[in-house]
Each structure stands twice: as C-alpha cells, then as structure tokens.
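*Asks:* mmCIF, C-alpha atoms and all ligand atoms, file final_36.cif:
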data_start
loop_
_atom_site.group_PDB
_atom_site.id
_atom_site.type_symbol
_atom_site.label_atom_id
_atom_site.label_comp_id
_atom_site.auth_asym_id
_atom_site.auth_seq_id
_atom_site.Cartn_x
_atom_site.Cartn_y
_atom_site.Cartn_z
ATOM 1 C CA MET I 1 -3.466 -22.633 -14.315
ATOM 2 C CA SER I 2 -6.195 -24.933 -15.419
ATOM 3 C CA GLN I 3 -7.896 -25.531 -12.149
ATOM 4 C CA VAL I 4 -11.576 -25.612 -11.616
ATOM 5 C CA LEU I 5 -13.267 -25.203 -8.342
ATOM 6 C CA GLY I 6 -13.796 -28.211 -6.193
ATOM 7 C CA ASN I 7 -16.017 -28.250 -3.212
ATOM 8 C CA THR I 8 -15.754 -29.096 0.423
ATOM 9 C CA SER I 9 -19.271 -28.609 1.587
ATOM 10 C CA GLY I 10 -21.224 -30.563 -0.964
ATOM 11 C CA ARG I 11 -23.603 -27.706 -1.202
ATOM 12 C CA GLU I 12 -24.852 -26.056 -4.299
ATOM 13 C CA ARG I 13 -22.296 -23.337 -4.401
ATOM 14 C CA CYS I 14 -19.493 -25.460 -5.685
ATOM 15 C CA ARG I 15 -21.267 -26.640 -8.718
ATOM 16 C CA MET I 16 -22.375 -23.219 -9.668
ATOM 17 C CA ILE I 17 -19.142 -21.480 -8.992
ATOM 18 C CA GLN I 18 -17.362 -24.048 -10.986
ATOM 19 C CA GLN I 19 -19.601 -23.305 -13.869
ATOM 20 C CA GLY I 20 -18.934 -19.673 -13.633
ATOM 21 C CA VAL I 21 -15.278 -20.338 -13.367
ATOM 22 C CA ARG I 22 -15.210 -22.665 -16.289
ATOM 23 C CA VAL I 23 -15.399 -19.691 -18.523
ATOM 24 C CA GLY I 24 -12.547 -17.983 -16.816
ATOM 25 C CA THR I 25 -10.377 -21.037 -16.663
ATOM 26 C CA LYS I 26 -10.625 -22.068 -20.222
ATOM 27 C CA ARG I 27 -7.737 -21.027 -22.374
ATOM 28 C CA THR I 28 -9.252 -18.061 -24.010
ATOM 29 C CA PHE I 29 -7.594 -15.630 -26.272
ATOM 30 C CA LEU I 30 -10.544 -13.743 -27.566
ATOM 31 C CA GLN I 31 -9.954 -11.533 -30.503
ATOM 32 C CA GLU I 32 -6.627 -10.386 -29.313
ATOM 33 C CA SER I 33 -5.540 -6.919 -29.974
ATOM 34 C CA ARG I 34 -1.968 -6.287 -30.921
ATOM 35 C CA ARG I 35 -0.782 -5.622 -27.411
ATOM 36 C CA PHE I 36 -3.047 -7.490 -25.070
ATOM 37 C CA LYS I 37 -4.159 -10.996 -24.421
ATOM 38 C CA LEU I 38 -6.874 -12.472 -22.301
ATOM 39 C CA MET I 39 -5.357 -14.668 -19.660
ATOM 40 C CA GLN I 40 -6.379 -18.047 -18.602
ATOM 41 C CA THR I 41 -6.846 -17.616 -14.904
ATOM 42 C CA ALA I 42 -7.149 -19.711 -11.841
ATOM 43 C CA LEU I 43 -9.282 -18.928 -8.881
ATOM 44 C CA GLY I 44 -7.705 -19.509 -5.539
ATOM 45 C CA SER I 45 -10.087 -22.261 -4.636
ATOM 46 C CA GLY I 46 -8.977 -24.470 -7.434
ATOM 47 C CA GLY I 47 -8.749 -28.081 -6.485
ATOM 48 C CA GLU I 48 -8.122 -30.929 -8.841
ATOM 49 C CA GLY I 49 -10.321 -33.957 -8.956
ATOM 50 C CA GLY I 50 -12.873 -32.540 -6.593
ATOM 51 C CA ALA I 51 -16.229 -34.133 -6.289
ATOM 52 C CA CYS I 52 -17.923 -31.443 -8.251
ATOM 53 C CA ASP I 53 -15.511 -31.136 -11.122
ATOM 54 C CA LEU I 54 -17.683 -33.151 -13.420
ATOM 55 C CA GLN I 55 -21.044 -32.010 -12.258
ATOM 56 C CA ILE I 56 -23.286 -30.293 -14.673
ATOM 57 C CA GLY I 57 -25.830 -27.892 -13.349
ATOM 58 C CA ARG I 58 -28.546 -25.949 -14.976
ATOM 59 C CA PHE I 59 -26.317 -23.178 -16.055
ATOM 60 C CA GLY I 60 -24.051 -23.694 -18.948
ATOM 61 C CA ALA I 61 -21.247 -21.323 -19.660
ATOM 62 C CA VAL I 62 -19.360 -22.267 -22.754
ATOM 63 C CA ILE I 63 -16.776 -20.459 -24.758
ATOM 64 C CA GLN I 64 -16.956 -20.968 -28.466
ATOM 65 C CA ASN I 65 -14.743 -19.012 -30.743
ATOM 66 C CA ASN I 66 -15.020 -15.535 -29.362
ATOM 67 C CA SER I 67 -18.353 -15.751 -27.646
ATOM 68 C CA VAL I 68 -19.608 -17.024 -24.357
ATOM 69 C CA THR I 69 -23.062 -18.515 -24.201
ATOM 70 C CA PHE I 70 -25.072 -18.774 -21.027
ATOM 71 C CA GLN I 71 -28.033 -21.077 -21.083
ATOM 72 C CA ARG I 72 -30.717 -20.983 -18.480
ATOM 73 C CA LEU I 73 -32.731 -24.134 -18.754
ATOM 74 C CA SER I 74 -34.940 -24.416 -15.737
ATOM 75 C CA TYR I 75 -37.657 -22.526 -13.955
ATOM 76 C CA LEU I 76 -38.727 -21.105 -17.242
ATOM 77 C CA HIS I 77 -41.249 -22.311 -19.712
ATOM 78 C CA ASP I 78 -38.916 -21.737 -22.566
ATOM 79 C CA ARG I 79 -35.243 -22.130 -22.818
ATOM 80 C CA GLU I 80 -33.657 -18.769 -22.614
ATOM 81 C CA ILE I 81 -30.291 -18.166 -24.149
ATOM 82 C CA ARG I 82 -28.232 -15.036 -23.883
ATOM 83 C CA THR I 83 -24.953 -14.674 -25.646
ATOM 84 C CA TYR I 84 -22.144 -12.493 -24.426
ATOM 85 C CA VAL I 85 -19.298 -11.621 -26.708
ATOM 86 C CA TRP I 86 -16.113 -10.295 -25.256
ATOM 87 C CA GLN I 87 -13.543 -8.634 -27.373
ATOM 88 C CA VAL I 88 -10.215 -7.407 -26.195
ATOM 89 C CA PRO I 89 -9.568 -4.023 -27.726
ATOM 90 C CA GLU I 90 -6.745 -1.773 -26.646
ATOM 91 C CA ARG I 91 -8.960 0.057 -24.218
ATOM 92 C CA SER I 92 -9.531 -3.162 -22.257
ATOM 93 C CA GLY I 93 -5.872 -3.554 -21.497
ATOM 94 C CA PRO I 94 -3.678 -2.101 -18.780
ATOM 95 C CA THR I 95 -2.338 1.392 -19.208
ATOM 96 C CA SER I 96 1.293 2.279 -18.674
ATOM 97 C CA ASN I 97 0.365 3.111 -15.073
ATOM 98 C CA ASP I 98 -1.123 -0.325 -14.413
ATOM 99 C CA PHE I 99 0.594 -3.584 -13.715
ATOM 100 C CA GLU I 100 0.921 -5.921 -16.687
ATOM 101 C CA CYS I 101 -2.464 -7.538 -16.024
ATOM 102 C CA ILE I 102 -5.783 -6.098 -14.926
ATOM 103 C CA PRO I 103 -8.956 -7.915 -13.882
ATOM 104 C CA TRP I 104 -12.429 -7.651 -15.269
ATOM 105 C CA PHE I 105 -15.425 -9.583 -14.269
ATOM 106 C CA TYR I 106 -18.293 -11.261 -16.041
ATOM 107 C CA TYR I 107 -21.695 -12.208 -14.751
ATOM 108 C CA SER I 108 -25.056 -12.957 -16.194
ATOM 109 C CA THR I 109 -27.477 -10.086 -16.642
ATOM 110 C CA VAL I 110 -30.413 -12.289 -17.539
ATOM 111 C CA ASP I 111 -31.480 -12.153 -13.900
ATOM 112 C CA MET I 112 -28.491 -10.473 -12.413
ATOM 113 C CA VAL I 113 -29.034 -10.922 -8.681
ATOM 114 C CA LYS I 114 -30.373 -14.441 -8.889
ATOM 115 C CA ASP I 115 -27.827 -15.556 -11.438
ATOM 116 C CA LEU I 116 -25.016 -14.007 -9.430
ATOM 117 C CA ASN I 117 -26.080 -15.742 -6.263
ATOM 118 C CA SER I 118 -26.327 -18.962 -8.220
ATOM 119 C CA GLY I 119 -22.639 -18.651 -9.012
ATOM 120 C CA LEU I 120 -22.625 -17.506 -12.587
ATOM 121 C CA VAL I 121 -19.671 -15.239 -12.092
ATOM 122 C CA GLY I 122 -15.998 -15.298 -12.944
ATOM 123 C CA PRO I 123 -12.856 -13.356 -13.791
ATOM 124 C CA LEU I 124 -11.396 -12.174 -17.049
ATOM 125 C CA ILE I 125 -7.790 -11.072 -16.824
ATOM 126 C CA VAL I 126 -6.315 -8.976 -19.593
ATOM 127 C CA CYS I 127 -2.526 -8.866 -19.801
ATOM 128 C CA ARG I 128 0.084 -7.255 -21.948
ATOM 129 C CA LYS I 129 1.438 -9.698 -24.469
ATOM 130 C CA ASP I 130 4.932 -9.373 -23.093
ATOM 131 C CA THR I 131 3.799 -10.413 -19.614
ATOM 132 C CA LYS I 132 6.383 -12.602 -17.932
ATOM 133 C CA GLU I 133 5.474 -16.275 -17.932
ATOM 134 C CA ASN I 134 6.616 -16.821 -14.368
ATOM 135 C CA ILE I 135 4.112 -14.480 -12.740
ATOM 136 C CA VAL I 136 1.658 -16.401 -10.586
ATOM 137 C CA HIS I 137 -1.935 -15.323 -11.142
ATOM 138 C CA ARG I 138 -4.569 -15.845 -8.491
ATOM 139 C CA VAL I 139 -8.058 -14.413 -8.297
ATOM 140 C CA LEU I 140 -9.865 -13.792 -5.031
ATOM 141 C CA LEU I 141 -13.586 -13.166 -5.235
ATOM 142 C CA PHE I 142 -15.076 -11.641 -2.103
ATOM 143 C CA LEU I 143 -18.787 -12.238 -2.324
ATOM 144 C CA ILE I 144 -21.422 -13.101 0.239
ATOM 145 C CA PHE I 145 -23.433 -15.629 -1.699
ATOM 146 C CA ASP I 146 -27.031 -15.178 -0.692
ATOM 147 C CA GLU I 147 -28.413 -18.609 -1.362
ATOM 148 C CA ASN I 148 -31.894 -17.403 -0.552
ATOM 149 C CA GLU I 149 -31.572 -15.643 -3.868
ATOM 150 C CA SER I 150 -30.347 -18.662 -5.789
ATOM 151 C CA TRP I 151 -32.066 -20.664 -8.475
ATOM 152 C CA TYR I 152 -31.114 -23.711 -6.440
ATOM 153 C CA THR I 153 -32.765 -22.755 -3.155
ATOM 154 C CA GLU I 154 -35.697 -25.112 -3.413
ATOM 155 C CA GLU I 155 -33.571 -27.933 -4.721
ATOM 156 C CA ASN I 156 -31.191 -27.502 -1.812
ATOM 157 C CA ILE I 157 -33.975 -27.536 0.715
ATOM 158 C CA ASN I 158 -35.434 -30.644 -0.841
ATOM 159 C CA THR I 159 -32.028 -32.301 -0.977
ATOM 160 C CA TYR I 160 -30.574 -31.410 2.407
ATOM 161 C CA ALA I 161 -33.441 -30.734 4.776
ATOM 162 C CA GLN I 162 -34.708 -33.733 6.686
ATOM 163 C CA GLU I 163 -38.240 -32.503 6.385
ATOM 164 C CA PRO I 164 -38.421 -30.037 3.527
ATOM 165 C CA ASN I 165 -42.057 -29.306 4.120
ATOM 166 C CA GLN I 166 -41.254 -28.098 7.620
ATOM 167 C CA VAL I 167 -38.706 -25.529 6.498
ATOM 168 C CA ASP I 168 -39.949 -21.993 6.951
ATOM 169 C CA ARG I 169 -38.429 -20.227 3.958
ATOM 170 C CA ASN I 170 -39.087 -16.843 5.526
ATOM 171 C CA ASP I 171 -37.590 -17.572 8.933
ATOM 172 C CA ILE I 172 -34.987 -14.915 9.608
ATOM 173 C CA THR I 173 -32.489 -17.351 11.119
ATOM 174 C CA PHE I 174 -32.862 -19.692 8.201
ATOM 175 C CA LYS I 175 -32.362 -16.853 5.765
ATOM 176 C CA ARG I 176 -29.295 -15.664 7.609
ATOM 177 C CA SER I 177 -27.832 -19.154 7.545
ATOM 178 C CA ASN I 178 -28.001 -19.108 3.783
ATOM 179 C CA ARG I 179 -25.733 -16.110 3.434
ATOM 180 C CA MET I 180 -22.350 -17.628 2.674
ATOM 181 C CA HIS I 181 -19.502 -15.288 3.517
ATOM 182 C CA ALA I 182 -17.150 -16.718 0.984
ATOM 183 C CA ILE I 183 -13.854 -16.166 -0.739
ATOM 184 C CA ASN I 184 -14.121 -17.833 -4.129
ATOM 185 C CA GLY I 185 -17.217 -19.574 -2.854
ATOM 186 C CA ARG I 186 -15.481 -21.167 0.109
ATOM 187 C CA MET I 187 -15.528 -20.316 3.775
ATOM 188 C CA PHE I 188 -13.336 -20.913 6.802
ATOM 189 C CA ALA I 189 -10.017 -21.502 5.046
ATOM 190 C CA ASN I 190 -11.158 -24.162 2.622
ATOM 191 C CA ASN I 191 -9.523 -22.574 -0.388
ATOM 192 C CA GLN I 192 -6.880 -24.570 -2.181
ATOM 193 C CA GLY I 193 -4.180 -23.863 -4.707
ATOM 194 C CA LEU I 194 -2.695 -20.912 -2.849
ATOM 195 C CA VAL I 195 0.844 -22.218 -2.448
ATOM 196 C CA PHE I 196 3.760 -20.070 -3.570
ATOM 197 C CA HIS I 197 7.512 -20.361 -3.540
ATOM 198 C CA VAL I 198 9.797 -17.901 -1.830
ATOM 199 C CA GLY I 199 10.891 -15.387 -4.419
ATOM 200 C CA SER I 200 7.876 -15.771 -6.642
ATOM 201 C CA GLU I 201 5.915 -12.870 -8.016
ATOM 202 C CA VAL I 202 2.214 -13.139 -7.312
ATOM 203 C CA ASN I 203 -0.527 -11.096 -8.888
ATOM 204 C CA TRP I 204 -3.624 -11.204 -6.740
ATOM 205 C CA TYR I 205 -6.720 -10.072 -8.574
ATOM 206 C CA LEU I 206 -9.137 -8.846 -5.936
ATOM 207 C CA ILE I 207 -12.752 -8.744 -6.996
ATOM 208 C CA GLY I 208 -15.624 -7.503 -4.886
ATOM 209 C CA ILE I 209 -19.292 -7.748 -5.689
ATOM 210 C CA GLY I 210 -22.515 -8.149 -3.774
ATOM 211 C CA ASP I 211 -25.008 -6.093 -1.827
ATOM 212 C CA GLU I 212 -24.712 -3.296 0.719
ATOM 213 C CA SER I 213 -23.095 -5.652 3.208
ATOM 214 C CA GLY I 214 -20.424 -6.485 0.666
ATOM 215 C CA LEU I 215 -17.968 -3.844 1.832
ATOM 216 C CA HIS I 216 -14.823 -5.889 2.211
ATOM 217 C CA THR I 217 -11.373 -4.958 3.419
ATOM 218 C CA VAL I 218 -8.954 -7.546 2.147
ATOM 219 C CA HIS I 219 -6.144 -8.033 4.613
ATOM 220 C CA PHE I 220 -3.097 -10.263 4.163
ATOM 221 C CA HIS I 221 -0.932 -11.487 6.983
ATOM 222 C CA GLY I 222 2.726 -12.214 6.420
ATOM 223 C CA HIS I 223 3.452 -10.001 3.447
ATOM 224 C CA SER I 224 2.603 -6.584 2.185
ATOM 225 C CA PHE I 225 1.672 -5.925 -1.426
ATOM 226 C CA VAL I 226 1.895 -3.030 -3.824
ATOM 227 C CA PHE I 227 -0.768 -1.561 -6.025
ATOM 228 C CA THR I 228 -1.027 1.343 -8.393
ATOM 229 C CA ASP I 229 -3.456 4.206 -8.191
ATOM 230 C CA MET I 230 -2.158 7.608 -9.188
ATOM 231 C CA GLY I 231 1.223 6.326 -8.122
ATOM 232 C CA ALA I 232 2.556 3.263 -6.383
ATOM 233 C CA PHE I 233 1.423 2.335 -2.891
ATOM 234 C CA ARG I 234 2.249 -0.323 -0.377
ATOM 235 C CA SER I 235 -0.216 -1.803 2.056
ATOM 236 C CA ASP I 236 -1.466 -5.037 3.549
ATOM 237 C CA VAL I 237 -5.141 -4.189 3.328
ATOM 238 C CA TYR I 238 -7.220 -3.173 0.362
ATOM 239 C CA ASP I 239 -10.742 -1.730 0.361
ATOM 240 C CA LEU I 240 -13.062 -3.604 -1.932
ATOM 241 C CA PRO I 241 -16.611 -2.305 -2.274
ATOM 242 C CA PRO I 242 -19.047 -4.121 -4.566
ATOM 243 C CA GLY I 243 -18.193 -3.854 -8.215
ATOM 244 C CA SER I 244 -14.518 -3.125 -7.805
ATOM 245 C CA TYR I 245 -11.455 -4.958 -9.059
ATOM 246 C CA GLN I 246 -7.788 -4.478 -8.441
ATOM 247 C CA THR I 247 -4.447 -6.092 -9.090
ATOM 248 C CA VAL I 248 -2.154 -6.161 -6.080
ATOM 249 C CA LYS I 249 1.331 -7.581 -6.388
ATOM 250 C CA MET I 250 3.060 -9.623 -3.707
ATOM 251 C CA TYR I 251 6.589 -11.016 -3.449
ATOM 252 C CA PRO I 252 6.441 -13.877 -0.938
ATOM 253 C CA LYS I 253 9.672 -14.215 0.989
ATOM 254 C CA ASP I 254 8.792 -15.730 4.364
ATOM 255 C CA VAL I 255 7.918 -19.392 4.633
ATOM 256 C CA GLY I 256 4.714 -20.108 6.457
ATOM 257 C CA ILE I 257 1.000 -20.553 6.357
ATOM 258 C CA TRP I 258 -0.429 -17.076 6.342
ATOM 259 C CA LEU I 259 -3.915 -15.896 7.077
ATOM 260 C CA PHE I 260 -5.830 -13.546 4.851
ATOM 261 C CA HIS I 261 -9.343 -12.382 5.436
ATOM 262 C CA CYS I 262 -11.878 -9.650 5.109
ATOM 263 C CA HIS I 263 -11.344 -7.288 8.009
ATOM 264 C CA VAL I 264 -15.013 -6.650 8.708
ATOM 265 C CA ASN I 265 -15.654 -8.389 12.011
ATOM 266 C CA VAL I 266 -18.960 -10.002 11.226
ATOM 267 C CA HIS I 267 -17.562 -11.244 7.930
ATOM 268 C CA ILE I 268 -14.589 -12.862 9.670
ATOM 269 C CA GLY I 269 -16.887 -14.585 12.109
ATOM 270 C CA ALA I 270 -19.053 -15.811 9.272
ATOM 271 C CA GLY I 271 -16.157 -17.444 7.454
ATOM 272 C CA MET I 272 -14.638 -14.917 5.082
ATOM 273 C CA GLU I 273 -11.085 -15.954 5.843
ATOM 274 C CA SER I 274 -8.531 -18.288 4.355
ATOM 275 C CA VAL I 275 -4.791 -19.021 4.181
ATOM 276 C CA TYR I 276 -2.003 -18.963 1.635
ATOM 277 C CA THR I 277 1.175 -20.951 1.988
ATOM 278 C CA VAL I 278 4.736 -19.972 1.190
ATOM 279 C CA ILE I 279 7.307 -22.752 0.767
ATOM 280 C CA GLU I 280 11.024 -22.834 -0.101
HETATM 281 CU CU CU I 301 -16.119 -8.507 4.131
#
Mind turning the file's structure into structure tokens?

*Replies:*
Amino acid sequence: MSQVLGNTSGRERCRMIQQGVRVGTKRTFLQESRRFKLMQTALGSGGEGGACDLQIGRFGAVIQNNSVTFQRLSYLHDREIRTYVWQVPERSGPTSNDFECIPWFYYSTVDMVKDLNSGLVGPLIVCRKDTKENIVHRVLLFLIFDENESWYTEENINTYAQEPNQVDRNDITFKRSNRMHAINGRMFANNQGLVFHVGSEVNWYLIGIGDESGLHTVHFHGHSFVFTDMGAFRSDVYDLPPGSYQTVKMYPKDVGIWLFHCHVNVHIGAGMESVYTVIE
C-alpha cells in the first residue's frame, strides 16, 4: 500500500504520474471527520524500486499537514504556487448505499489540460473508519495521456529524437503517436502490483478522465464485480466517461492471469489493456 509508480518505457509519463501519485500514496489522514478517513491508496501500476522512483520533475506535489502544494517551476517567468487543501467532512464520505470506500480525484487547475497531461493527477479514497483492514484497494485510471499537451513535450523531443530539429511538431502522425492510451500511465499490460489471493476482497476504484475520446468501458475477464447505484448490480463491464469515478468490488476465486481492458476497439489496439493475477 505504499507503492509508487515505476516505469517501463523510460518516457516522461512515469516521472509525472509518479509525482501525481505521490500525493495519493502518502499516508494521509486529512482532518478526519468522526466517521471517515482518507485512505492511503495504491495505483495498480505500482512497482518498487523502479527507475523513476527517485526522479524529481518540475512538478512538486507535497502533502504537509492538511494541505497539498503544487509547485510549477518551469516555463514561467515566476514561480507559481497553488495550494489545495482537502478536508474530509461527512459529506465526502460514502453513504449507507455506497461501499465502505469511495474514490475522488485530484488534479491541478493551474493549467488543467496541460497539467493533467503532464501527469499531475491522482486518487483520493475516502473510507468509513470501520473499514476492514483486509480489503485490497487498487485504483485504475483510464486516461489517454496526450503528450502533445504536456509541459514535457519539448524536453522529450530533445531527449529522444535523433534529430530534434527535424521533428515536425504539427505532423498528424507524430501527434497521434503521442497519445498514450494508458491505464495508470502504462500501456500494453505493463501494470504491476495487481496480484490477489483467492478469497480476497478487492475494491477497484475506476477513474475516468480525459477528452471526448475518453469514453471507456472497463471490462474484466475472469471475474464479475458488483457495484451500487440505486441498488446492487453485477457486471463485468463498467462505463466510464471522463470525470467519473466508481468503486466496484470483486471477489477473486479462480487462479489465473486475467485480462482487463477498455472495450473500445481503437483503445484496445492502442494499448489500453492489462492483466491482473489471482494466486492461491
Ligand atoms: Cu477506452
């Protein structure tokens, strides 16, 4: 439960996602109300000791006391600092019709689109105080990172292109190649930390955000899940338009390596798929 994102591609996304996630993964109990607590959470891509764990990018996201401070240091003449303060009042917690934990989501609004596509995003999970310790919490962020809209675009071109001066920034194919169809910032089943035991109780926190192409249908192979919405429902696919969050609960019982993916065809082909593993 203290994982930070590693990286498999060496590209910018890892560093930035990690920074966003650092907020969500720190042990944070912000101004607890009597009934609720803010959970420390782990994103499903968490890998320990990854190459990017110690990297420090231009964004800082630091929790101090009950506030989170984002610092944007570059591409501006002056340092710009915005401070977000989250409190956890009763109205932020799950109702009696919810599961014991519900997801929220934070992101920078300094330059929302650019900051978002630079990875300054992450989950906040609010749980009832009597939430069972043995529940496994995993967040899945379905977001097509548009790295054309990242603060790191130029740095990436200069770092990874053989001839940066020859790169046509407006070439449609180039632009398309920079749209990363990711789950927790990773594509093509490179997520880690999604291993569960038979008989465990898993809360998946599904979070969708992005642009008009960010209409995701989260589909799990191997197991169904239940969710609440004016009653209890069972399914194996959940619709996730941008700006929506949901807890779905799964009880793994069959050993195997199981696929899960967005069910939109072009998103599958572009890498928005991964696996979770169930062991004895
Ligand atoms: Cu999708």

*Asks:* Written as a list in words, which residues does the PyMOL selection byres (((chain I and resi 279) around 7) and not hetatm) give for the file shown?

*Replies:*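 After applying the PyMOL selection byres (((chain I and resi 279) around 7) and not hetatm), what remains is Phe196, His197, Val198, Val255, Gly256, Thr277, Val278 and Glu280 of chain I.
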
*Asks:* Please produce a file of the residues just selected, as a compact mmCIF listing (two decimals), keeping the file's coordinate frame, where the atoms kept are C-alpha atoms.

*Replies:*
# COMPACT_ATOMS: atom_id res chain seq x y z
CA PHE I 196 3.76 -20.07 -3.57
CA HIS I 197 7.51 -20.36 -3.54
CA VAL I 198 9.80 -17.90 -1.83
CA VAL I 255 7.92 -19.39 4.63
CA GLY I 256 4.71 -20.11 6.46
CA THR I 277 1.18 -20.95 1.99
CA VAL I 278 4.74 -19.97 1.19
CA GLU I 280 11.02 -22.83 -0.10

*Asks:* Got a sec to check which residues lie within 9 Å of ligand CU 301 (chain I), using all atoms listed in the file, and send them as a list in words?

*Replies:*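 So, counting all atoms listed in the file, the residues near ligand CU 301 (chain I) are Phe142, Leu143, Ile144, His181, Ala182, Ser213, Gly214, Leu215, His216, Thr217, Val218, Leu240, Pro241, His261, Cys262, His263, Val264, Asn265, Val266, His267, Ile268 and Met272 of chain I.
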
*Asks:* Hey, can you check how far atom CA of I:Trp104 sits from atom CA of I:Glu90?

*Replies:* 14.0 Å

*Asks:* Just how far from atom CA of I:Val121 is atom CA of I:Thr109, in Å to one decimal?

*Replies:*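 Calculated distance between atom CA of I:Thr109 and atom CA of I:Val121 is 10.4 Å.
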
*Asks:* Set the distance at 8 Å and use all atoms listed in the file: which residues neighbour I:Pro94 once local chain neighbours fewer than 6 positions away are removed? I'd like the list as number ranges by chain.

*Replies:* I: 100-102, 126-128

*Asks:* Apply the PyMOL selection byres (((chain I and resi 251) around 9) and not hetatm) to the file shown and report the selected residues as a list in words.

*Replies:*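 For this structure, the PyMOL selection byres (((chain I and resi 251) around 9) and not hetatm) resolves to Val198, Gly199, Ser200, Glu201, Val202, Asn203, His223, Ser224, Phe225, Lys249, Met250, Pro252 and Lys253 of chain I.
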
*Asks:* Using only C-alpha atoms, which of I:Phe220, I:Phe227, I:Tyr152, I:Tyr245 sits nearest I:Gly208?

*Replies:*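 Among the listed residues, the smallest separation from I:Gly208 belongs to I:Tyr245.
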
*Asks:* Written as a list in words, which residues does the PyMOL selection byres (((chain I and resi 194) around 6) and not hetatm) give for the file shown?

*Replies:*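 Selected by the PyMOL selection byres (((chain I and resi 194) around 6) and not hetatm) in this file: Gly44, Gln192, Gly193, Val195 and Tyr276 of chain I.
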
*Asks:* Using all atoms listed in the file for the distances, tell me which of I:Asn191, I:Asn97, I:Thr131, I:Asn165 is nearest to I:Phe260.

*Replies:*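 Of I:Asn191, I:Asn97, I:Thr131, I:Asn165, the one nearest I:Phe260 is I:Asn191, counting all atoms listed in the file.
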
*Asks:* Would you please work out which residue, of I:Glu163, I:Asp168, I:Met230, I:Phe145, is nearest to I:Thr95 when using all atoms listed in the file?

*Replies:*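 Among the listed residues, the smallest separation from I:Thr95 belongs to I:Met230.
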
*Asks:* Measuring atom to atom with all atoms listed in the file, identify which of I:His221, I:Ile209, I:Asn156, I:Leu140 is nearest to I:Tyr107.

*Replies:* I:Ile209

*Asks:* When you look at I:Val226 with a cut-off of 6 Å (counting all atoms listed in the file), what residues show up, excluding the ones that are within fewer than 4 positions of it in the same chain? I need them as a list in words.

*Replies:*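 The neighbour list is Phe233, Arg234, Val248 and Lys249 of chain I.
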
*Asks:* In Å, rounded to a single decimal, give me how far atom CA of I:Asn190 is from atom CA of I:Lys175.

*Replies:*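 These atoms are spaced 22.6 Å apart.
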
*Asks:* Neighbouring residues of I:Ala189 were defined as those with any atom within 8 Å, considering only C-alpha atoms; residues of the same chain fewer than 4 positions away were excluded. Please report them as an NGL selection string.

*Replies:* :I and (271 or 273-275)

*Asks:* Working from the structure I just supplied, which lacks atoms in stretch 160-175 of chain I, can you model N, CA and C atoms there and output them as a PDB file, in the coordinates of the input?

*Replies:*
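In the end it all went to rebuild-v5.pdb:
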ATOM      1  N   TYR I 160     -31.343 -31.354   1.152  1.00  0.00           N
ATOM      2  CA  TYR I 160     -30.574 -31.410   2.407  1.00  0.00           C
ATOM      3  C   TYR I 160     -31.420 -31.316   3.671  1.00  0.00           C
ATOM      4  N   ALA I 161     -32.612 -30.807   3.570  1.00  0.00           N
ATOM      5  CA  ALA I 161     -33.441 -30.734   4.776  1.00  0.00           C
ATOM      6  C   ALA I 161     -34.067 -32.100   5.055  1.00  0.00           C
ATOM      7  N   GLN I 162     -34.117 -32.445   6.347  1.00  0.00           N
ATOM      8  CA  GLN I 162     -34.708 -33.733   6.686  1.00  0.00           C
ATOM      9  C   GLN I 162     -36.199 -33.746   6.395  1.00  0.00           C
ATOM     10  N   GLU I 163     -36.814 -32.618   6.683  1.00  0.00           N
ATOM     11  CA  GLU I 163     -38.240 -32.503   6.385  1.00  0.00           C
ATOM     12  C   GLU I 163     -38.478 -31.203   5.615  1.00  0.00           C
ATOM     13  N   PRO I 164     -38.314 -31.255   4.338  1.00  0.00           N
ATOM     14  CA  PRO I 164     -38.421 -30.037   3.527  1.00  0.00           C
ATOM     15  C   PRO I 164     -39.719 -29.274   3.730  1.00  0.00           C
ATOM     16  N   ASN I 165     -40.774 -29.986   3.965  1.00  0.00           N
ATOM     17  CA  ASN I 165     -42.057 -29.306   4.120  1.00  0.00           C
ATOM     18  C   ASN I 165     -42.122 -28.483   5.404  1.00  0.00           C
ATOM     19  N   GLN I 166     -41.253 -28.805   6.344  1.00  0.00           N
ATOM     20  CA  GLN I 166     -41.254 -28.098   7.620  1.00  0.00           C
ATOM     21  C   GLN I 166     -40.363 -26.866   7.614  1.00  0.00           C
ATOM     22  N   VAL I 167     -39.634 -26.661   6.549  1.00  0.00           N
ATOM     23  CA  VAL I 167     -38.706 -25.529   6.498  1.00  0.00           C
ATOM     24  C   VAL I 167     -39.481 -24.246   6.223  1.00  0.00           C
ATOM     25  N   ASP I 168     -39.330 -23.306   7.143  1.00  0.00           N
ATOM     26  CA  ASP I 168     -39.949 -21.993   6.951  1.00  0.00           C
ATOM     27  C   ASP I 168     -39.002 -21.135   6.128  1.00  0.00           C
ATOM     28  N   ARG I 169     -39.313 -20.966   4.876  1.00  0.00           N
ATOM     29  CA  ARG I 169     -38.429 -20.227   3.958  1.00  0.00           C
ATOM     30  C   ARG I 169     -38.235 -18.784   4.378  1.00  0.00           C
ATOM     31  N   ASN I 170     -39.160 -18.252   5.147  1.00  0.00           N
ATOM     32  CA  ASN I 170     -39.087 -16.843   5.526  1.00  0.00           C
ATOM     33  C   ASN I 170     -38.535 -16.626   6.930  1.00  0.00           C
ATOM     34  N   ASP I 171     -38.159 -17.699   7.594  1.00  0.00           N
ATOM     35  CA  ASP I 171     -37.590 -17.572   8.933  1.00  0.00           C
ATOM     36  C   ASP I 171     -36.273 -16.810   8.852  1.00  0.00           C
ATOM     37  N   ILE I 172     -36.141 -15.813   9.714  1.00  0.00           N
ATOM     38  CA  ILE I 172     -34.987 -14.915   9.608  1.00  0.00           C
ATOM     39  C   ILE I 172     -33.673 -15.656   9.883  1.00  0.00           C
ATOM     40  N   THR I 173     -33.706 -16.591  10.821  1.00  0.00           N
ATOM     41  CA  THR I 173     -32.489 -17.351  11.119  1.00  0.00           C
ATOM     42  C   THR I 173     -32.116 -18.260   9.954  1.00  0.00           C
ATOM     43  N   PHE I 174     -33.118 -18.855   9.374  1.00  0.00           N
ATOM     44  CA  PHE I 174     -32.862 -19.692   8.201  1.00  0.00           C
ATOM     45  C   PHE I 174     -32.270 -18.856   7.069  1.00  0.00           C
ATOM     46  N   LYS I 175     -32.861 -17.705   6.844  1.00  0.00           N
ATOM     47  CA  LYS I 175     -32.362 -16.853   5.765  1.00  0.00           C
ATOM     48  C   LYS I 175     -30.922 -16.433   6.015  1.00  0.00           C
TER      49      LYS I 175
END
